Amino acid sequence: MHIRSLFYFIGEALKSIARNGWMSVASIAVVAITLLILGSFMVLNYNVTLITEDVKEQVQIVLYVDEEASGEDRLKLQQKLVGHPQMEEVRFVSRDEALERLKRQLGDRSYLVEGYEGEDNPLRDSYELRTKIPEDIAIVAGEIKEYPGVDYVDYGSGVVEPLFQFTGVVRWMGLIFMAGLAVTAVFLIAHTIRLTVYIRRKEIMIMKYVGATDWFIRWPFVFEGLILGFIGAVIPIIIIYYGYNTAVAWAQTNIYFVSLVSPEDIIEEMVKVLLPLGVILGVLGSSISVRRFLKV
Amino acid sequence: MQICRIIQLTAAEKGKYFRGWFSMIDIRNVYKEYGTDIVALKNINLEIDRGEFVFVVGSSGAGKSTLLKLLHMDARPTRGSIKVFGRDITRLKNREVPLLRRNLGMVFQDFHLLSDRNVFENVAFALRVIGTPPREIRKRVPLSLELVGLKDKAFKRPDELSGGEQQRVCVARAIVNRPAVLMADEPTGNLDPNTSMGIMKLFHEINIRGTTLIVATHAKELVDHFQKRVIVVENGAVVSDRERGVYINAH
């Protein structure tokens with residue numbers, strides 16, 4: 001295709017989009033909404049996956065040592081824990097260390113725990129345990145609970161499973177919703193192009209009479225669909241970018257401990273997925289019309 | 001004494017000698033049927049040479065338009081062969097049709113001008129859509145408009161022109177790509193007699209400049225006036241074909 005023809009096609013396509021007015025707006029809007037929903041689900045999915053992985057890694061048993069336990073019991077306990085076949089890591093956290101940690105976490109407000117050092121320390125000695133396989137945590141916790149010298153054990157029971165379920169639901173809902181909207185988008189674009197074909201039937205007839213090739217006649221319509229799809233993809237990318245930035249900013253000031261995918265990564269992913277999808281929807285819609293209504 | 005001589009022809013001479021080998025248009029045993037019972041054309045045999053001016057006459061529905069449509073590949077014949085420039089166009093692939101049409105200009109009864117652009121752009125459109133460079137367009141469109149006598153109306157819109165002028169724009173558009181053949185289907189059907197005569201004179205002038213003209217019409221006075229070859233079509237068949245003819249009604 002000659003560069004001059006390319007400009008001609010794009011020019012004609014833009015003229016058509018302007019002339020079709022509200023139909024063009026509607027087509028762009030449906031593509032935008034479809035891709036906005038897809039994009040939102042994608043963003044949600046990335047973050048849920050990230051958090052799940054994060055949680056999985058952090059899954060550990062915290063074993064609090066009974067304060068009354070004798071030194072012998074404590075030694076036995078440690079030996080048993082280290083000797084446990086499913087144990088990956090055993091870390092002893094003394095009450096002093098626990099207090100230091102708390103101070104660090106409190107940061108500026110560390111004065112709150114001042115004066116609790118030494119004998120006044122309200123915290124307990126504990127073990128942080130990591131199993132070789134995160135999923136085994138419930139069984140292992142059940143076993144070691146019965147060891148002598150154990151006050152109680154704590155592990156993040158019931159955190160990972162619901163997260164996984166949630167991701168699955170999000171994926172399916174998104175897919176079904178998306179499929180319906182994508183069909184609507186293709187249909188609307190096809191309809192817009194059909195309208196263009198109708199409006200320009202005289203031009204098309206003259207083009208045929210003076211010997212324009214079929215593809216020369218078709219290209220402007222294909223470009224029209226392509227441009228509609230492209231604009232329809234750019235809008236949700238912009239919305240998601242600003243929306244996600246705002247959400248991340250909010251999360252950073254209100255919830256300290258969650259890890260989120262960075263906005264740059266999100267936007268890169270959106271451009272990679274939504275832009276081609278928008279263009280594909282657009283070209284698909286126009287191809288349907290070009291084939292069915294443009295008899296060249 | 002030398003009896004036999006072998007002559008090496010120059011390119012120009014080749015053109016001169018071989019041109020006569022085939023007619024520009026050669027229609028052989030052509031039938032056109034729609035469905036099983038409607039016969040639009042039956043057993044048409046015609047030869048039209050380069051540079052001829054031909055009137056195709058006959059009453060409405062006699063098959064004149066169908067004949068032009070077959071030449072322009074708007075429709076394909078049911079049977080028979082149509083050779084244009086020595087090539088059987090009935091066997092043309094669909095994608096070759098546009099290339100044929102670039103050599104066959106067409107003018108209609110209704111002008112088919114684009115009302116959203118001026119005269120210049122209407123004519124330029126025909127060149128633009130076949131990928132002509134802009135430089136060439138700027139050169140050829142004024143020449144074409146000058147020939148049809150509308151040079152000073154280039155920037156008017158079609159609705160600001162009279163019927164005759166609009167038809168001239170169509171002629172300019174049909175010849176701007178310098179086709180070998182110009183066909184017109186009832187070009188004066190919507191025009192008054194004076195204006196019609198002007199259009200015919202324009203066709204005559206285009207013909208003198210070397211373009212083959214095929215004009216389907218039932219404007220008797222015009223046909224009689226020009227004394228050109230007249231082909232009479234009635235009920236889908238050629239009933240008369242004479243040089244320097246006049247309009248005769250078969251009925």
# chains A, B, ... in the order shown; residues from 1 in each chain; ligands from 1
>>> residues_around(residues="Glu89 (chain A)", least_positions_apart="2", cutoff="7 Å", atoms="only C-alpha atoms", output="list in words")
Met87, Arg91, Leu129, Arg130 and Thr131 of chain A
>>> residues_around(residues="region 197-214 of chain A", least_positions_apart="4", cutoff="7 Å", atoms="only C-alpha atoms", output="list in words")
Ile193, Arg218, Leu294 and Val296 of chain A; Pro98, Leu99, Arg101, Arg102, Gly105, Ala126, Val129 and Ile130 of chain B
>>> interface_residues(of="chain B", to="chain A", cutoff="9 Å", atoms="only C-alpha atoms", output="PyMOL selection string")
chain B and resi 72+74+95-106+112-114+125-131+133+173-174+177
>>> closest_residue(among="A:Leu81, A:Gly232, A:Glu224, A:Pro276", to="Val290 (chain A)", atoms="only C-alpha atoms")
A:Glu224
>>> atom_distance(atom1="CA of Tyr111 (chain A)", atom2="CA of Arg124 (chain A)")
19.8 Å
>>> select_by_dssp(residues="region 35-213 of chain B", states="strand (DSSP E)", output="JSON list (two decimals) with N, CA and C atoms, in the first residue's frame")
[["chain", "number", "residue", "atom", "x", "y", "z"],
["B", 38, "ILE", "N", -36.30, -14.36, -18.92],
["B", 38, "ILE", "CA", -36.06, -13.00, -19.41],
["B", 38, "ILE", "C", -34.79, -12.96, -20.24],
["B", 39, "VAL", "N", -34.95, -12.69, -21.52],
["B", 39, "VAL", "CA", -33.80, -12.61, -22.41],
["B", 39, "VAL", "C", -33.55, -11.14, -22.72],
["B", 40, "ALA", "N", -32.48, -10.59, -22.19],
["B", 40, "ALA", "CA", -32.19, -9.17, -22.39],
["B", 40, "ALA", "C", -31.48, -8.94, -23.72],
["B", 41, "LEU", "N", -30.58, -9.84, -24.06],
["B", 41, "LEU", "CA", -29.86, -9.73, -25.33],
["B", 41, "LEU", "C", -29.78, -11.10, -25.99],
["B", 42, "LYS", "N", -29.98, -11.16, -27.30],
["B", 42, "LYS", "CA", -29.83, -12.46, -27.95],
["B", 42, "LYS", "C", -28.98, -12.35, -29.21],
["B", 43, "ASN", "N", -28.00, -13.21, -29.25],
["B", 43, "ASN", "CA", -27.11, -13.34, -30.39],
["B", 43, "ASN", "C", -26.61, -12.01, -30.94],
["B", 44, "ILE", "N", -25.92, -11.27, -30.10],
["B", 44, "ILE", "CA", -25.37, -9.98, -30.53],
["B", 44, "ILE", "C", -24.00, -10.21, -31.16],
["B", 45, "ASN", "N", -23.80, -9.65, -32.34],
["B", 45, "ASN", "CA", -22.50, -9.68, -33.01],
["B", 45, "ASN", "C", -22.16, -8.28, -33.46],
["B", 46, "LEU", "N", -21.10, -7.74, -32.90],
["B", 46, "LEU", "CA", -20.74, -6.36, -33.23],
["B", 46, "LEU", "C", -19.23, -6.20, -33.24],
["B", 47, "GLU", "N", -18.78, -5.31, -34.12],
["B", 47, "GLU", "CA", -17.37, -4.94, -34.09],
["B", 47, "GLU", "C", -17.29, -3.44, -34.06],
["B", 48, "ILE", "N", -16.54, -2.92, -33.16],
["B", 48, "ILE", "CA", -16.36, -1.47, -33.11],
["B", 48, "ILE", "C", -14.87, -1.18, -33.17],
["B", 53, "PHE", "N", -17.28, 6.44, -33.82],
["B", 53, "PHE", "CA", -18.33, 7.10, -33.04],
["B", 53, "PHE", "C", -19.60, 6.33, -33.34],
["B", 54, "VAL", "N", -20.16, 5.66, -32.34],
["B", 54, "VAL", "CA", -21.29, 4.76, -32.58],
["B", 54, "VAL", "C", -22.48, 5.17, -31.74],
["B", 55, "PHE", "N", -23.63, 5.29, -32.38],
["B", 55, "PHE", "CA", -24.87, 5.46, -31.63],
["B", 55, "PHE", "C", -25.53, 4.11, -31.47],
["B", 56, "VAL", "N", -25.99, 3.81, -30.28],
["B", 56, "VAL", "CA", -26.80, 2.61, -30.08],
["B", 56, "VAL", "C", -28.19, 3.12, -29.75],
["B", 57, "VAL", "N", -29.14, 2.84, -30.64],
["B", 57, "VAL", "CA", -30.48, 3.37, -30.43],
["B", 57, "VAL", "C", -31.49, 2.25, -30.28],
["B", 79, "ARG", "N", -23.82, -16.17, -22.45],
["B", 79, "ARG", "CA", -23.06, -16.92, -23.45],
["B", 79, "ARG", "C", -22.32, -15.94, -24.35],
["B", 80, "GLY", "N", -21.36, -16.44, -25.10],
["B", 80, "GLY", "CA", -20.68, -15.62, -26.07],
["B", 80, "GLY", "C", -19.41, -14.98, -25.54],
["B", 81, "SER", "N", -18.69, -14.30, -26.43],
["B", 81, "SER", "CA", -17.43, -13.68, -26.01],
["B", 81, "SER", "C", -17.44, -12.19, -26.35],
["B", 82, "ILE", "N", -16.81, -11.43, -25.50],
["B", 82, "ILE", "CA", -16.66, -10.00, -25.76],
["B", 82, "ILE", "C", -15.19, -9.69, -25.67],
["B", 83, "LYS", "N", -14.61, -9.29, -26.81],
["B", 83, "LYS", "CA", -13.19, -8.96, -26.77],
["B", 83, "LYS", "C", -13.03, -7.45, -26.74],
["B", 84, "VAL", "N", -12.29, -6.98, -25.77],
["B", 84, "VAL", "CA", -11.96, -5.56, -25.70],
["B", 84, "VAL", "C", -10.44, -5.47, -25.72],
["B", 87, "ARG", "N", -8.78, -8.81, -25.91],
["B", 87, "ARG", "CA", -8.81, -9.75, -24.79],
["B", 87, "ARG", "C", -10.26, -10.08, -24.44],
["B", 88, "ASP", "N", -10.54, -11.36, -24.23],
["B", 88, "ASP", "CA", -11.91, -11.76, -23.89],
["B", 88, "ASP", "C", -12.21, -11.38, -22.44],
["B", 104, "LEU", "N", -12.21, 2.34, -19.86],
["B", 104, "LEU", "CA", -13.54, 2.55, -20.42],
["B", 104, "LEU", "C", -14.28, 3.59, -19.58],
["B", 105, "GLY", "N", -14.32, 4.83, -20.08],
["B", 105, "GLY", "CA", -15.04, 5.87, -19.34],
["B", 105, "GLY", "C", -16.53, 5.66, -19.47],
["B", 106, "MET", "N", -17.29, 6.13, -18.46],
["B", 106, "MET", "CA", -18.73, 5.91, -18.49],
["B", 106, "MET", "C", -19.46, 7.18, -18.03],
["B", 107, "VAL", "N", -20.50, 7.53, -18.79],
["B", 107, "VAL", "CA", -21.34, 8.68, -18.43],
["B", 107, "VAL", "C", -22.79, 8.21, -18.38],
["B", 181, "VAL", "N", -11.94, 4.25, -24.61],
["B", 181, "VAL", "CA", -13.34, 4.25, -25.03],
["B", 181, "VAL", "C", -14.15, 5.07, -24.04],
["B", 182, "LEU", "N", -15.06, 5.89, -24.56],
["B", 182, "LEU", "CA", -15.99, 6.59, -23.69],
["B", 182, "LEU", "C", -17.39, 6.11, -24.03],
["B", 183, "MET", "N", -18.10, 5.62, -22.99],
["B", 183, "MET", "CA", -19.47, 5.14, -23.21],
["B", 183, "MET", "C", -20.42, 6.05, -22.47],
["B", 184, "ALA", "N", -21.59, 6.28, -23.09],
["B", 184, "ALA", "CA", -22.59, 7.13, -22.44],
["B", 184, "ALA", "C", -23.94, 6.46, -22.56],
["B", 185, "ASP", "N", -24.62, 6.34, -21.42],
["B", 185, "ASP", "CA", -25.93, 5.71, -21.41],
["B", 185, "ASP", "C", -27.00, 6.78, -21.23],
["B", 212, "THR", "N", -12.67, 6.46, -28.75],
["B", 212, "THR", "CA", -13.82, 5.76, -29.33],
["B", 212, "THR", "C", -15.06, 6.10, -28.51],
["B", 213, "LEU", "N", -16.16, 6.43, -29.19],
["B", 213, "LEU", "CA", -17.37, 6.84, -28.48],
["B", 213, "LEU", "C", -18.50, 5.86, -28.74]]
>>> atom_distance(atom1="CA of Ser196 (chain B)", atom2="CA of Ser162 (chain B)")
12.3 Å
>>> residues_around(residues="region 98-105 of chain A", least_positions_apart="5", cutoff="12 Å", atoms="only C-alpha atoms", output="list of chain:residue names")
A:Tyr64, A:Phe92, A:Val93, A:Ser110, A:Tyr111, A:Leu112, A:Val113, A:Glu114, A:Gly115, A:Tyr116, A:Glu117, A:Gly118, A:Glu119, A:Asp120, A:Asn121, A:Pro122, A:Leu123, A:Arg124, A:Asp125, A:Ser126, A:Tyr127, A:Glu128, A:Tyr256, A:Phe257
>>> residues_around(residues="region 132-134 of chain A", least_positions_apart="4", cutoff="7 Å", atoms="only C-alpha atoms", output="MDAnalysis selection string")
chainID A and resid 56 59 86:88
>>> residues_around(residues="Leu277 (chain A)", least_positions_apart="5", cutoff="9 Å", atoms="only C-alpha atoms", output="list of chain:residue names")
A:Leu35, A:Gly229, A:Phe230, A:Ala233, A:Lys272, A:Gly282
>>> write_last_selection(atoms="C-alpha atoms", output="PDB file, in the first residue's frame")
ATOM      1  CA  LEU A  35     -12.197  -3.113  27.757  1.00  0.00           C
ATOM      2  CA  GLY A 229     -11.586   0.199  18.254  1.00  0.00           C
ATOM      3  CA  PHE A 230      -8.321   2.009  18.920  1.00  0.00           C
ATOM      4  CA  ALA A 233      -9.097   1.011  23.863  1.00  0.00           C
ATOM      5  CA  LYS A 272      -0.133  -4.731  25.659  1.00  0.00           C
ATOM      6  CA  GLY A 282     -12.900  -2.806  15.545  1.00  0.00           C
TER       7      GLY A 282
END
>>> closest_residue(among="B:Leu150, B:Leu67, B:Phe108, B:Thr36", to="Ile231 (chain B)", atoms="only C-alpha atoms")
B:Leu67
>>> residues_around(residues="region 180-192 of chain A", least_positions_apart="3", cutoff="9 Å", atoms="only C-alpha atoms", output="ChimeraX atom specification")
/A:17,20,23-24,26-35,175-177,195-197,225,228-229,281-290
>>> residues_around(residues="Gly142 (chain A)", least_positions_apart="4", cutoff="12 Å", atoms="only C-alpha atoms", output="list in words")
Ile61, Leu63, Asp136, Ile137, Ala138, Glu146, Tyr147, Val150, Tyr152, Val153, Asp154, Tyr155 and Ser157 of chain A
>>> write_last_selection(atoms="all heavy atoms", output="compact mmCIF listing (two decimals), in the first residue's frame")
# COMPACT_ATOMS: atom_id res chain seq x y z
N ILE A 61 3.81 -20.58 61.33
CA ILE A 61 3.18 -20.88 62.63
C ILE A 61 3.94 -20.09 63.68
O ILE A 61 5.17 -20.08 63.68
CB ILE A 61 3.29 -22.38 62.96
CG1 ILE A 61 2.71 -23.22 61.81
CG2 ILE A 61 2.59 -22.69 64.29
CD1 ILE A 61 3.02 -24.68 61.91
N LEU A 63 4.54 -20.07 67.51
CA LEU A 63 4.33 -20.91 68.70
C LEU A 63 4.74 -20.10 69.94
O LEU A 63 5.87 -19.63 70.04
CB LEU A 63 5.17 -22.16 68.55
CG LEU A 63 5.08 -23.23 69.66
CD1 LEU A 63 5.38 -24.60 69.06
CD2 LEU A 63 6.01 -22.94 70.81
N ASP A 136 0.78 -27.67 54.27
CA ASP A 136 0.81 -28.62 55.39
C ASP A 136 0.64 -27.96 56.75
O ASP A 136 0.59 -28.62 57.78
CB ASP A 136 2.16 -29.37 55.41
CG ASP A 136 2.23 -30.36 54.28
OD1 ASP A 136 1.16 -30.66 53.71
OD2 ASP A 136 3.34 -30.81 53.94
N ILE A 137 0.56 -26.65 56.71
CA ILE A 137 0.65 -25.89 57.95
C ILE A 137 -0.38 -26.30 59.00
O ILE A 137 -0.05 -26.41 60.19
CB ILE A 137 0.57 -24.38 57.63
CG1 ILE A 137 0.99 -23.56 58.85
CG2 ILE A 137 -0.81 -23.99 57.17
CD1 ILE A 137 1.38 -22.16 58.49
N ALA A 138 -1.60 -26.59 58.56
CA ALA A 138 -2.66 -26.92 59.53
C ALA A 138 -2.33 -28.20 60.29
O ALA A 138 -2.46 -28.26 61.52
CB ALA A 138 -3.99 -27.07 58.79
N GLU A 146 0.43 -30.05 70.81
CA GLU A 146 0.40 -30.99 71.93
C GLU A 146 1.75 -31.12 72.64
O GLU A 146 1.85 -31.80 73.66
CB GLU A 146 -0.05 -32.38 71.44
CG GLU A 146 -1.35 -32.38 70.68
CD GLU A 146 -2.52 -31.80 71.47
OE1 GLU A 146 -2.54 -31.93 72.71
OE2 GLU A 146 -3.40 -31.18 70.82
N TYR A 147 2.79 -30.55 72.10
CA TYR A 147 4.13 -30.66 72.70
C TYR A 147 4.12 -30.02 74.08
O TYR A 147 3.42 -29.02 74.30
CB TYR A 147 5.18 -29.96 71.83
CG TYR A 147 5.49 -30.66 70.52
CD1 TYR A 147 6.35 -30.07 69.60
CD2 TYR A 147 4.92 -31.89 70.21
CE1 TYR A 147 6.64 -30.68 68.41
CE2 TYR A 147 5.20 -32.50 69.01
CZ TYR A 147 6.05 -31.91 68.11
OH TYR A 147 6.34 -32.49 66.92
N VAL A 150 4.20 -25.80 75.47
CA VAL A 150 3.57 -24.92 74.48
C VAL A 150 2.36 -24.25 75.10
O VAL A 150 1.51 -24.92 75.70
CB VAL A 150 3.12 -25.72 73.24
CG1 VAL A 150 2.37 -24.82 72.27
CG2 VAL A 150 4.31 -26.37 72.58
N TYR A 152 0.24 -21.74 73.30
CA TYR A 152 -0.66 -21.95 72.16
C TYR A 152 0.04 -21.65 70.86
O TYR A 152 1.09 -21.00 70.83
CB TYR A 152 -1.94 -21.13 72.31
CG TYR A 152 -1.76 -19.63 72.19
CD1 TYR A 152 -2.02 -18.99 70.98
CD2 TYR A 152 -1.36 -18.85 73.28
CE1 TYR A 152 -1.88 -17.62 70.87
CE2 TYR A 152 -1.20 -17.49 73.17
CZ TYR A 152 -1.47 -16.88 71.95
OH TYR A 152 -1.31 -15.53 71.84
N VAL A 153 -0.53 -22.15 69.75
CA VAL A 153 0.06 -21.88 68.43
C VAL A 153 -0.95 -21.06 67.61
O VAL A 153 -2.16 -21.14 67.81
CB VAL A 153 0.42 -23.16 67.64
CG1 VAL A 153 1.48 -23.95 68.37
CG2 VAL A 153 -0.82 -24.00 67.41
N ASP A 154 -0.38 -20.30 66.74
CA ASP A 154 -1.22 -19.42 65.92
C ASP A 154 -0.74 -19.51 64.47
O ASP A 154 0.47 -19.45 64.21
CB ASP A 154 -1.08 -17.98 66.46
CG ASP A 154 -2.05 -17.05 65.77
OD1 ASP A 154 -2.98 -17.54 65.12
OD2 ASP A 154 -1.85 -15.82 65.89
N TYR A 155 -1.64 -19.73 63.55
CA TYR A 155 -1.24 -19.68 62.13
C TYR A 155 -2.40 -19.08 61.32
O TYR A 155 -3.55 -19.12 61.75
CB TYR A 155 -0.87 -21.08 61.62
CG TYR A 155 -2.02 -22.05 61.55
CD1 TYR A 155 -2.69 -22.27 60.35
CD2 TYR A 155 -2.44 -22.74 62.68
CE1 TYR A 155 -3.76 -23.15 60.28
CE2 TYR A 155 -3.50 -23.62 62.62
CZ TYR A 155 -4.15 -23.82 61.42
OH TYR A 155 -5.19 -24.67 61.35
N SER A 157 -4.85 -19.49 59.62
CA SER A 157 -5.78 -20.47 59.07
C SER A 157 -6.87 -19.79 58.25
O SER A 157 -7.32 -18.70 58.58
CB SER A 157 -6.41 -21.28 60.20
OG SER A 157 -7.14 -20.41 61.04
>>> atom_distance(atom1="CA of Lys15 (chain A)", atom2="CA of Lys153 (chain B)")
25.5 Å
>>> select_by_dssp(residues="region 2-216 of chain B", states="alpha helix (DSSP H)", output="PyMOL selection string")
chain B and resi 11-18+64-71+97-101+119-128+134-147+163-175+193-208
